[in-house]
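As provided, data-v4.cif (mmCIF, C-alpha atoms) reads as follows.
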data_model
#
loop_
_atom_site.label_atom_id
_atom_site.label_comp_id
_atom_site.auth_asym_id
_atom_site.auth_seq_id
_atom_site.Cartn_x
_atom_site.Cartn_y
_atom_site.Cartn_z
CA MET A 1 77.21 128.29 118.48
CA LYS A 2 79.57 128.74 115.54
CA VAL A 3 78.78 125.95 113.06
CA LEU A 4 80.82 125.07 109.97
CA VAL A 5 78.76 123.48 107.20
CA VAL A 6 80.94 121.87 104.53
CA GLY A 7 78.94 121.35 101.36
CA ALA A 8 76.67 124.31 102.05
CA THR A 9 75.55 124.70 98.43
CA GLY A 10 74.19 121.17 97.97
CA ALA A 11 70.54 120.20 98.33
CA VAL A 12 71.04 118.93 101.88
CA GLY A 13 73.58 121.61 102.77
CA LYS A 14 71.24 124.47 101.88
CA ALA A 15 68.47 123.00 104.01
CA VAL A 16 70.86 122.44 106.91
CA VAL A 17 72.07 126.04 106.70
CA SER A 18 68.46 127.32 106.81
CA GLU A 19 67.64 125.11 109.77
CA LEU A 20 70.76 125.91 111.81
CA ALA A 21 70.89 129.64 110.98
CA GLN A 22 67.73 130.09 113.07
CA ARG A 23 69.81 129.55 116.20
CA HIS A 24 73.50 129.60 115.24
CA GLU A 25 76.21 131.47 113.40
CA VAL A 26 76.75 129.34 110.28
CA ILE A 27 79.96 129.34 108.26
CA GLN A 28 79.22 128.08 104.77
CA ALA A 29 82.07 126.24 103.07
CA SER A 30 81.95 124.70 99.61
CA ARG A 31 84.10 124.14 96.55
CA SER A 32 82.79 127.33 94.94
CA SER A 33 82.73 129.57 98.02
CA VAL A 34 84.77 132.76 97.80
CA THR A 35 85.16 133.25 101.55
CA TYR A 36 85.37 129.59 102.65
CA PRO A 37 86.46 127.51 99.63
CA VAL A 38 87.40 123.88 100.24
CA ASP A 39 88.28 120.86 98.14
CA ILE A 40 87.63 117.90 100.45
CA THR A 41 89.86 115.61 98.39
CA GLN A 42 92.88 117.73 99.37
CA ALA A 43 94.03 117.48 102.98
CA ALA A 44 95.86 120.80 102.65
CA SER A 45 92.67 122.52 101.49
CA ILE A 46 90.86 121.25 104.60
CA GLY A 47 93.74 122.50 106.73
CA ALA A 48 93.47 125.92 105.13
CA LEU A 49 89.73 125.99 105.80
CA PHE A 50 90.17 125.41 109.54
CA LYS A 51 92.85 128.11 109.62
CA ARG A 52 90.26 130.49 108.20
CA THR A 53 87.39 129.45 110.51
CA GLY A 54 89.32 129.50 113.78
CA LYS A 55 87.77 127.65 116.73
CA ILE A 56 84.25 126.39 116.09
CA ASP A 57 81.54 124.53 117.99
CA ALA A 58 80.26 122.17 115.33
CA ILE A 59 81.28 120.70 112.00
CA VAL A 60 78.59 119.45 109.64
CA ALA A 61 79.66 117.63 106.47
CA THR A 62 76.97 117.39 103.80
CA VAL A 63 79.46 116.62 101.11
CA GLY A 64 81.04 113.90 99.02
CA SER A 65 80.44 112.05 95.80
CA VAL A 66 80.63 108.33 95.01
CA HIS A 67 80.86 106.27 91.83
CA PHE A 68 77.67 104.84 90.35
CA GLY A 69 78.18 102.02 87.87
CA LEU A 70 77.57 98.35 87.19
CA LEU A 71 79.57 96.01 89.42
CA SER A 72 80.40 93.81 86.45
CA GLU A 73 82.24 96.70 84.79
CA MET A 74 83.59 98.48 87.85
CA THR A 75 87.33 99.03 88.20
CA GLY A 76 89.32 99.61 91.37
CA GLU A 77 90.07 103.09 90.10
CA GLN A 78 86.35 103.87 89.82
CA PHE A 79 85.74 102.41 93.28
CA ARG A 80 88.34 104.82 94.63
CA ILE A 81 86.25 107.82 93.52
CA GLY A 82 83.91 107.36 96.47
CA ILE A 83 86.80 106.43 98.76
CA ASN A 84 88.83 109.52 97.93
CA ASN A 85 85.88 111.89 97.84
CA LYS A 86 82.99 111.10 100.20
CA LEU A 87 84.84 108.80 102.62
CA MET A 88 88.32 110.32 102.94
CA GLY A 89 86.91 113.84 102.55
CA GLN A 90 84.68 113.40 105.59
CA VAL A 91 87.33 111.44 107.50
CA GLU A 92 89.89 114.22 106.93
CA LEU A 93 87.35 116.79 108.18
CA VAL A 94 87.14 114.78 111.42
CA LEU A 95 90.84 114.00 111.82
CA GLN A 96 91.86 117.60 111.28
CA GLY A 97 88.71 119.17 112.70
CA GLN A 98 88.80 117.50 116.11
CA SER A 99 91.46 119.90 117.40
CA HIS A 100 89.65 122.97 116.03
CA LEU A 101 86.46 122.23 117.97
CA ASN A 102 85.70 123.81 121.31
CA ALA A 103 85.08 121.45 124.23
CA GLY A 104 81.65 119.87 123.97
CA GLY A 105 81.55 120.49 120.23
CA SER A 106 80.12 118.12 117.66
CA ILE A 107 80.71 116.61 114.25
CA THR A 108 77.89 115.43 111.99
CA LEU A 109 78.69 113.36 108.91
CA THR A 110 76.54 112.16 106.02
CA SER A 111 76.06 108.56 104.91
CA GLY A 112 72.89 107.58 103.02
CA ILE A 113 70.19 104.98 102.52
CA ILE A 114 72.20 102.84 100.07
CA SER A 115 74.23 101.75 103.09
CA ASP A 116 71.52 99.28 103.99
CA GLU A 117 69.15 99.36 101.01
CA PRO A 118 71.39 98.39 98.09
CA ILE A 119 70.50 99.46 94.56
CA ARG A 120 71.90 98.47 91.16
CA MET A 121 75.13 100.35 90.39
CA GLY A 122 75.39 101.30 94.05
CA ALA A 123 78.11 98.97 95.42
CA ASN A 124 80.55 101.84 95.86
CA ALA A 125 77.93 103.92 97.67
CA SER A 126 76.97 101.01 99.95
CA ALA A 127 80.60 100.53 100.94
CA VAL A 128 81.39 104.22 101.42
CA ASN A 129 78.23 104.98 103.40
CA ARG A 130 78.77 102.06 105.75
CA ALA A 131 82.42 103.03 106.16
CA ILE A 132 81.33 106.49 107.31
CA GLU A 133 78.95 104.92 109.82
CA GLY A 134 81.63 102.55 111.09
CA PHE A 135 84.01 105.47 111.46
CA VAL A 136 81.40 107.39 113.48
CA CYS A 137 80.92 104.34 115.70
CA GLY A 138 84.68 104.01 116.25
CA ALA A 139 85.47 107.71 116.62
CA ALA A 140 82.63 108.38 119.07
CA ILE A 141 84.36 106.46 121.87
CA GLU A 142 87.69 108.23 121.34
CA LEU A 143 86.95 111.91 120.79
CA LEU A 144 88.31 114.02 123.64
CA ARG A 145 86.93 117.01 125.62
CA GLY A 146 83.31 115.90 125.23
CA VAL A 147 83.35 116.24 121.45
CA ARG A 148 80.54 114.20 119.89
CA ILE A 149 80.10 112.61 116.46
CA ASN A 150 77.01 111.33 114.62
CA ALA A 151 75.92 110.69 111.05
CA VAL A 152 72.71 111.28 109.16
CA ASN A 153 71.53 108.51 106.86
CA ALA A 154 68.67 109.82 104.72
CA SER A 155 66.57 108.35 101.94
CA VAL A 156 66.69 109.90 98.48
CA LEU A 157 65.68 113.58 98.55
CA VAL A 158 62.43 114.78 97.02
CA GLU A 159 64.59 117.56 95.56
CA SER A 160 66.87 115.02 93.81
CA LEU A 161 64.18 112.84 92.29
CA ARG A 162 64.36 114.61 88.94
CA THR A 163 67.86 113.14 88.50
CA TYR A 164 67.73 109.96 90.56
CA ALA A 165 64.16 108.68 90.38
CA PRO A 166 64.95 105.72 88.05
CA PHE A 167 67.49 104.37 90.58
CA PHE A 168 65.15 104.70 93.54
CA ILE A 169 61.87 103.20 92.41
CA GLY A 170 59.83 102.23 95.44
CA PHE A 171 61.83 104.41 97.82
CA ASP A 172 59.96 106.92 99.93
CA ALA A 173 61.69 110.23 99.13
CA VAL A 174 62.16 112.74 101.94
CA PRO A 175 62.17 116.56 101.70
CA ALA A 176 65.56 118.16 102.40
CA ALA A 177 63.95 120.29 105.13
CA ARG A 178 63.02 117.13 107.05
CA VAL A 179 66.52 115.68 106.57
CA ALA A 180 67.94 118.95 107.94
CA MET A 181 66.11 118.32 111.21
CA ALA A 182 68.24 115.23 111.81
CA TYR A 183 71.38 117.36 111.51
CA ALA A 184 69.85 119.79 114.00
CA ARG A 185 69.16 116.89 116.38
CA SER A 186 72.83 115.98 116.16
CA VAL A 187 74.20 119.54 116.52
CA ASP A 188 71.81 120.77 119.22
CA GLY A 189 71.39 117.43 120.97
CA ALA A 190 73.70 115.56 123.34
CA ALA A 191 74.02 112.13 121.72
CA THR A 192 77.15 110.60 120.21
CA GLY A 193 77.85 107.58 118.02
CA GLN A 194 74.33 107.77 116.58
CA ILE A 195 73.17 107.15 113.02
CA TYR A 196 70.06 109.27 112.46
CA ARG A 197 67.94 107.54 109.82
CA VAL A 198 65.49 109.73 107.89
CA ARG A 199 63.01 107.61 105.95
CA MET B 1 85.09 72.67 93.98
CA LYS B 2 88.25 74.60 93.27
CA VAL B 3 88.62 77.20 96.03
CA LEU B 4 91.14 80.04 96.11
CA VAL B 5 92.08 81.15 99.62
CA VAL B 6 93.90 84.48 99.64
CA GLY B 7 95.73 84.94 102.93
CA ALA B 8 96.23 81.20 103.42
CA THR B 9 99.13 81.58 105.86
CA GLY B 10 97.31 83.75 108.42
CA ALA B 11 95.65 82.41 111.57
CA VAL B 12 92.21 82.41 109.97
CA GLY B 13 93.49 81.39 106.54
CA LYS B 14 95.18 78.24 107.85
CA ALA B 15 92.03 77.15 109.64
CA VAL B 16 89.93 77.85 106.55
CA VAL B 17 92.30 75.79 104.39
CA SER B 18 92.06 72.85 106.85
CA GLU B 19 88.28 73.07 106.91
CA LEU B 20 87.76 73.40 103.15
CA ALA B 21 90.45 70.89 102.12
CA GLN B 22 88.28 68.12 103.56
CA ARG B 23 85.91 68.54 100.61
CA HIS B 24 87.55 70.83 98.04
CA GLU B 25 90.69 71.44 96.03
CA VAL B 26 92.22 74.46 97.78
CA ILE B 27 94.61 76.90 96.09
CA GLN B 28 96.61 78.70 98.75
CA ALA B 29 97.68 82.24 97.86
CA SER B 30 99.65 84.58 100.10
CA ARG B 31 102.33 87.22 99.97
CA SER B 32 105.03 84.64 100.65
CA SER B 33 103.71 81.79 98.49
CA VAL B 34 106.08 80.49 95.81
CA THR B 35 103.36 79.03 93.57
CA TYR B 36 100.56 81.57 94.20
CA PRO B 37 102.16 84.82 95.41
CA VAL B 38 99.96 87.90 95.67
CA ASP B 39 100.25 91.42 97.00
CA ILE B 40 96.65 92.54 97.48
CA THR B 41 97.62 96.22 97.43
CA GLN B 42 98.66 95.85 93.77
CA ALA B 43 95.85 95.40 91.25
CA ALA B 44 98.32 93.93 88.76
CA SER B 45 99.44 91.31 91.28
CA ILE B 46 95.81 90.22 91.76
CA GLY B 47 95.41 90.05 87.99
CA ALA B 48 98.49 87.84 87.74
CA LEU B 49 97.09 85.55 90.46
CA PHE B 50 93.84 84.92 88.57
CA LYS B 51 95.82 84.24 85.41
CA ARG B 52 97.66 81.52 87.32
CA THR B 53 94.56 79.98 88.96
CA GLY B 54 92.36 79.83 85.87
CA LYS B 55 88.63 79.39 86.42
CA ILE B 56 87.66 78.72 90.02
CA ASP B 57 84.49 78.04 91.99
CA ALA B 58 85.11 80.09 95.10
CA ILE B 59 87.28 82.94 96.34
CA VAL B 60 87.91 83.30 100.07
CA ALA B 61 89.76 86.40 101.29
CA THR B 62 91.19 86.08 104.80
CA VAL B 63 93.56 88.94 104.28
CA GLY B 64 94.18 92.61 104.93
CA SER B 65 95.65 94.87 107.57
CA VAL B 66 94.35 98.09 109.09
CA HIS B 67 95.89 100.92 111.10
CA PHE B 68 95.60 100.85 114.88
CA GLY B 69 96.25 104.15 116.62
CA LEU B 70 94.68 106.90 118.71
CA LEU B 71 92.09 108.97 116.86
CA SER B 72 93.53 112.17 118.34
CA GLU B 73 96.85 111.50 116.59
CA MET B 74 95.60 109.77 113.45
CA THR B 75 96.49 111.22 110.05
CA GLY B 76 94.68 110.72 106.77
CA GLU B 77 97.74 108.90 105.52
CA GLN B 78 97.53 106.40 108.39
CA PHE B 79 93.80 105.98 107.81
CA ARG B 80 94.58 105.05 104.21
CA ILE B 81 96.58 102.03 105.38
CA GLY B 82 93.41 100.07 106.08
CA ILE B 83 91.72 101.54 103.00
CA ASN B 84 94.51 100.52 100.64
CA ASN B 85 95.17 97.16 102.24
CA LYS B 86 92.16 95.40 103.79
CA LEU B 87 89.40 97.30 101.96
CA MET B 88 90.74 97.89 98.46
CA GLY B 89 92.61 94.56 98.53
CA GLN B 90 89.39 92.63 99.10
CA VAL B 91 87.40 94.88 96.75
CA GLU B 92 89.95 94.30 93.96
CA LEU B 93 89.70 90.55 94.54
CA VAL B 94 85.95 90.83 93.92
CA LEU B 95 86.06 93.27 90.99
CA GLN B 96 88.67 91.23 89.15
CA GLY B 97 87.62 87.83 90.50
CA GLN B 98 83.95 87.97 89.44
CA SER B 99 84.81 87.10 85.83
CA HIS B 100 87.13 84.24 86.85
CA LEU B 101 84.43 82.43 88.82
CA ASN B 102 82.37 79.62 87.34
CA ALA B 103 78.58 80.09 87.32
CA GLY B 104 77.15 79.59 90.81
CA GLY B 105 80.51 80.36 92.37
CA SER B 106 81.03 82.32 95.56
CA ILE B 107 83.14 84.99 97.20
CA THR B 108 83.68 85.20 100.95
CA LEU B 109 85.28 88.30 102.46
CA THR B 110 86.48 89.08 105.96
CA SER B 111 85.37 91.98 108.14
CA GLY B 112 85.66 91.72 111.95
CA ILE B 113 84.04 92.46 115.28
CA ILE B 114 85.36 96.05 115.54
CA SER B 115 82.79 96.90 112.87
CA ASP B 116 80.10 97.02 115.54
CA GLU B 117 82.03 96.75 118.81
CA PRO B 118 84.40 99.73 118.69
CA ILE B 119 87.64 99.69 120.66
CA ARG B 120 90.22 102.40 121.44
CA MET B 121 92.59 102.93 118.51
CA GLY B 122 90.17 101.05 116.28
CA ALA B 123 88.44 103.81 114.25
CA ASN B 124 90.19 102.74 111.05
CA ALA B 125 89.21 99.12 111.60
CA SER B 126 85.59 100.04 112.36
CA ALA B 127 85.37 102.01 109.10
CA VAL B 128 87.12 99.41 106.95
CA ASN B 129 85.19 96.45 108.34
CA ARG B 130 81.85 98.15 107.83
CA ALA B 131 82.87 99.22 104.33
CA ILE B 132 83.53 95.57 103.48
CA GLU B 133 80.10 94.61 104.80
CA GLY B 134 78.43 97.43 102.87
CA PHE B 135 80.22 96.32 99.74
CA VAL B 136 79.00 92.74 100.24
CA CYS B 137 75.46 94.04 100.69
CA GLY B 138 75.71 96.11 97.49
CA ALA B 139 77.58 93.56 95.38
CA ALA B 140 75.27 90.65 96.31
CA ILE B 141 72.38 92.08 94.29
CA GLU B 142 74.52 92.67 91.20
CA LEU B 143 76.76 89.66 90.75
CA LEU B 144 75.87 87.74 87.58
CA ARG B 145 75.54 84.02 86.75
CA GLY B 146 74.42 83.09 90.26
CA VAL B 147 77.69 84.15 91.85
CA ARG B 148 77.23 84.77 95.59
CA ILE B 149 79.07 86.97 98.08
CA ASN B 150 79.16 86.96 101.88
CA ALA B 151 81.46 88.12 104.66
CA VAL B 152 82.58 86.62 107.95
CA ASN B 153 82.70 88.94 110.95
CA ALA B 154 84.46 87.16 113.80
CA SER B 155 85.47 88.14 117.32
CA VAL B 156 89.14 88.23 118.26
CA LEU B 157 90.81 84.83 117.76
CA VAL B 158 91.94 82.72 120.67
CA GLU B 159 95.12 82.25 118.63
CA SER B 160 95.73 86.03 118.47
CA LEU B 161 95.17 86.81 122.14
CA ARG B 162 98.87 86.70 122.92
CA THR B 163 99.26 89.87 120.80
CA TYR B 164 95.86 91.54 121.07
CA ALA B 165 94.49 90.68 124.52
CA PRO B 166 94.99 94.19 126.00
CA PHE B 167 92.81 95.69 123.24
CA PHE B 168 90.03 93.13 123.66
CA ILE B 169 89.38 92.95 127.37
CA GLY B 170 85.91 91.53 127.96
CA PHE B 171 85.62 90.10 124.46
CA ASP B 172 84.81 86.43 124.11
CA ALA B 173 87.63 85.09 121.92
CA VAL B 174 86.79 82.41 119.35
CA PRO B 175 89.03 79.57 118.11
CA ALA B 176 90.09 79.89 114.46
CA ALA B 177 88.64 76.44 113.76
CA ARG B 178 85.18 77.69 114.74
CA VAL B 179 85.60 80.85 112.62
CA ALA B 180 86.55 78.61 109.69
CA MET B 181 83.14 76.97 109.88
CA ALA B 182 81.49 80.28 108.96
CA TYR B 183 83.59 80.42 105.79
CA ALA B 184 82.51 76.85 105.02
CA ARG B 185 78.88 77.88 105.52
CA SER B 186 79.41 80.63 102.95
CA VAL B 187 81.33 78.47 100.42
CA ASP B 188 79.23 75.31 100.67
CA GLY B 189 75.92 77.04 101.38
CA ALA B 190 73.53 78.87 99.08
CA ALA B 191 73.11 82.25 100.76
CA THR B 192 74.25 85.61 99.45
CA GLY B 193 74.61 89.09 100.96
CA GLN B 194 75.06 87.59 104.43
CA ILE B 195 77.35 88.70 107.23
CA TYR B 196 78.21 85.60 109.28
CA ARG B 197 78.95 86.72 112.83
CA VAL B 198 81.11 84.41 114.95
CA ARG B 199 80.99 85.41 118.61
#
Could you write out this file's structure as structure tokens?
Amino acid sequence: MKVLVVGATGAVGKAVVSELAQRHEVIQASRSSVTYPVDITQAASIGALFKRTGKIDAIVATVGSVHFGLLSEMTGEQFRIGINNKLMGQVELVLQGQSHLNAGGSITLTSGIISDEPIRMGANASAVNRAIEGFVCGAAIELLRGVRINAVNASVLVESLRTYAPFFIGFDAVPAARVAMAYARSVDGAATGQIYRVR
Amino acid sequence: MKVLVVGATGAVGKAVVSELAQRHEVIQASRSSVTYPVDITQAASIGALFKRTGKIDAIVATVGSVHFGLLSEMTGEQFRIGINNKLMGQVELVLQGQSHLNAGGSITLTSGIISDEPIRMGANASAVNRAIEGFVCGAAIELLRGVRINAVNASVLVESLRTYAPFFIGFDAVPAARVAMAYARSVDGAATGQIYRVR
């Protein structure tokens, strides 16, 4: 299969590329890529990416940032950071990507544990992650030509603890390599509308 | 208690006003109101509303529209209709409203059954409704001074079947008066971070 990984240079993305490259041709897209550059906040940039990839069999999005900050100080503008980046970035990849997928292809998005395990400063992340899961649930019943869609919802990464540990006290961190297996289950499997939780 | 109902002229809003007015002073805000007009897509309009209400004990949002349309034809711009209206409208009400609530006050938002029971043309609604629930889950642990937040997730209204019946075949419709009771449970109760499902 020809698999497009958007966000290939991130901690999860790298692990997903390693996992999938064992069986598939992997196209690695990221903001800094020379061959497949993409800015997920720009619909036109996503359009240009699909023009470059041609028809593909799977899209994996391991990409998107959210706003972390105290609710009591949060502004609508700050809340829109996660909306415009992680949510609309992934949604655009689906809306535009659906017609670039071969029949029976798949899309795998990324939510995250804050969707159902809220943390301080994480209200934007909780909203954005659940929105992605709701979108997967809604899109799964409408995608045509046997195209499937799932999301992976992982705990904090072992690899990210150096930065995030103070926010995730008491959380069981998971290695990126184990998270990557959930993406493989989505890409190589047959399920749709699933949220793969890695805890 | 002094309760602000935003969206007081809608099918749910009217029923909520009837239910709450039995025990509370209810301020009815809506797009068309002369005394409490508000356009929830404009942060400044929400700010002006809270200036007019002064301190309140509860905010109830029964407001917000989403985009209904086939996923295969949906554009990012259409998807943003629900984001800018139902999601960001309710989020802005919380972000700005939190400092206008008396200690121990409450906020009650509105999601909807498409969050977990997807329908054709409903991908935007599924995403937006779940985002609202994720936001409630995240905000509940951060609100200060004992302020609470919950959401009501109701099935299609009996009162809306004339318009929406073809989209909700096989769904058990609920009367607005029964949905209003869930809002009362949130306003008059003591719980926080809850999603009240009315089925």
- Message: Taking only C-alpha atoms into account and nothing else, which residues of chain A lie no more than 6 Å away from chain B? Please answer as number ranges by chain.
- Response: A: 76, 92, 118, 123, 126-128, 130-131, 134-135, 138-139
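With only C-alpha atoms as the atoms that count, the minimum distance from A:Gly47 to the choices A:Arg199, A:His100, A:Val66, A:Val174 is reached by A:His100.
Interatomic distance, atom CA of A:Ser111 against atom CA of A:Val152: 6.1 Å.
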Q) Applied to this file, what does the PyMOL selection byres ((chain B and resi 48) around 12) return in terms of residues, put as a ChimeraX atom specification? A) /B:29,35-40,42-47,49-54,93,96-97,100
Produce a file of the selected residues containing C-alpha atoms, as a compact mmCIF listing (two decimals), in the coordinates of the input.
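What ended up in out.txt:
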# COMPACT_ATOMS: atom_id res chain seq x y z
CA ALA B 29 97.68 82.24 97.86
CA THR B 35 103.36 79.03 93.57
CA TYR B 36 100.56 81.57 94.20
CA PRO B 37 102.16 84.82 95.41
CA VAL B 38 99.96 87.90 95.67
CA ASP B 39 100.25 91.42 97.00
CA ILE B 40 96.65 92.54 97.48
CA GLN B 42 98.66 95.85 93.77
CA ALA B 43 95.85 95.40 91.25
CA ALA B 44 98.32 93.93 88.76
CA SER B 45 99.44 91.31 91.28
CA ILE B 46 95.81 90.22 91.76
CA GLY B 47 95.41 90.05 87.99
CA LEU B 49 97.09 85.55 90.46
CA PHE B 50 93.84 84.92 88.57
CA LYS B 51 95.82 84.24 85.41
CA ARG B 52 97.66 81.52 87.32
CA THR B 53 94.56 79.98 88.96
CA GLY B 54 92.36 79.83 85.87
CA LEU B 93 89.70 90.55 94.54
CA GLN B 96 88.67 91.23 89.15
CA GLY B 97 87.62 87.83 90.50
CA HIS B 100 87.13 84.24 86.85
| query | If we count all atoms listed in the file, what is near B:Arg23 at a cut-off of 12 Å, once residues fewer than 6 positions away on the same chain are taken out, given as a PyMOL selection string? | reply | chain B and resi 1-3+16-17+184+187-188
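Across B:Ala11, B:Ser65, B:Ser106, B:Ala165, the tightest approach to B:Lys86 is made by B:Ser65 when counting all atoms listed in the file.
Atom CA of B:Gln22 is positioned 18.5 Å from atom CA of B:Pro175.
Across A:Val60, A:Asn85, A:Ser186, A:Val198, the tightest approach to A:Ile113 is made by A:Val198 when counting all atoms listed in the file.
Coordinates place atom CA of A:Gly112 at a distance of 16.3 Å from atom CA of A:Thr163.
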Set the distance at 8 Å and use all atoms listed in the file: which residues neighbour A:Ala61 once local chain neighbours fewer than 5 positions away are removed? I'd like the list as a list in words. Val5, Val6, Gly7, Gln90, Leu93, Ile107, Thr108, Leu109 and Thr110 of chain A
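Nearest-residue note for A:Gly13: choosing from A:Thr41, A:Ser155, A:Thr62, A:Gln28, the minimum distance belongs to A:Thr62, counting only C-alpha atoms.
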Excluding B:Tyr196 and residues on its chain fewer than 3 positions from it, collect all residues at most 9 Å away from it, counting all atoms listed in the file, and give them as an mmCIF file with C-alpha atoms, in the coordinates of the input.
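Okay, part-v6.cif is ready:
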data_model
loop_
_atom_site.group_PDB
_atom_site.id
_atom_site.type_symbol
_atom_site.label_atom_id
_atom_site.label_comp_id
_atom_site.auth_asym_id
_atom_site.auth_seq_id
_atom_site.Cartn_x
_atom_site.Cartn_y
_atom_site.Cartn_z
ATOM 1 C CA ASN B 150 79.160 86.960 101.880
ATOM 2 C CA ALA B 151 81.460 88.120 104.660
ATOM 3 C CA VAL B 152 82.580 86.620 107.950
ATOM 4 C CA ASN B 153 82.700 88.940 110.950
ATOM 5 C CA ALA B 154 84.460 87.160 113.800
ATOM 6 C CA ALA B 182 81.490 80.280 108.960
ATOM 7 C CA TYR B 183 83.590 80.420 105.790
ATOM 8 C CA ARG B 185 78.880 77.880 105.520
ATOM 9 C CA SER B 186 79.410 80.630 102.950
#
task = List, as a list in words, every residue that the PyMOL selection byres ((chain A and resi 158) around 9) selects in the file provided.
result = Val156, Leu157, Glu159, Ser160, Leu161, Arg162, Asp172, Ala173, Val174, Pro175 and Ala176 of chain A
Could you turn the residues from that selection into a file that holds C-alpha atoms, as a PDB file, in the coordinates of the input?
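The result, written out as result.pdb:
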ATOM      1  CA  VAL A 156      66.690 109.900  98.480  1.00  0.00           C
ATOM      2  CA  LEU A 157      65.680 113.580  98.550  1.00  0.00           C
ATOM      3  CA  GLU A 159      64.590 117.560  95.560  1.00  0.00           C
ATOM      4  CA  SER A 160      66.870 115.020  93.810  1.00  0.00           C
ATOM      5  CA  LEU A 161      64.180 112.840  92.290  1.00  0.00           C
ATOM      6  CA  ARG A 162      64.360 114.610  88.940  1.00  0.00           C
ATOM      7  CA  ASP A 172      59.960 106.920  99.930  1.00  0.00           C
ATOM      8  CA  ALA A 173      61.690 110.230  99.130  1.00  0.00           C
ATOM      9  CA  VAL A 174      62.160 112.740 101.940  1.00  0.00           C
ATOM     10  CA  PRO A 175      62.170 116.560 101.700  1.00  0.00           C
ATOM     11  CA  ALA A 176      65.560 118.160 102.400  1.00  0.00           C
TER      12      ALA A 176
END
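This file gives the following result for the PyMOL selection byres ((chain A and resi 104) around 10): Asp57, Ala58, Leu101, Asn102, Ala103, Gly105, Ser106, Leu144, Arg145, Gly146, Val147, Arg148 and Ala190 of chain A.
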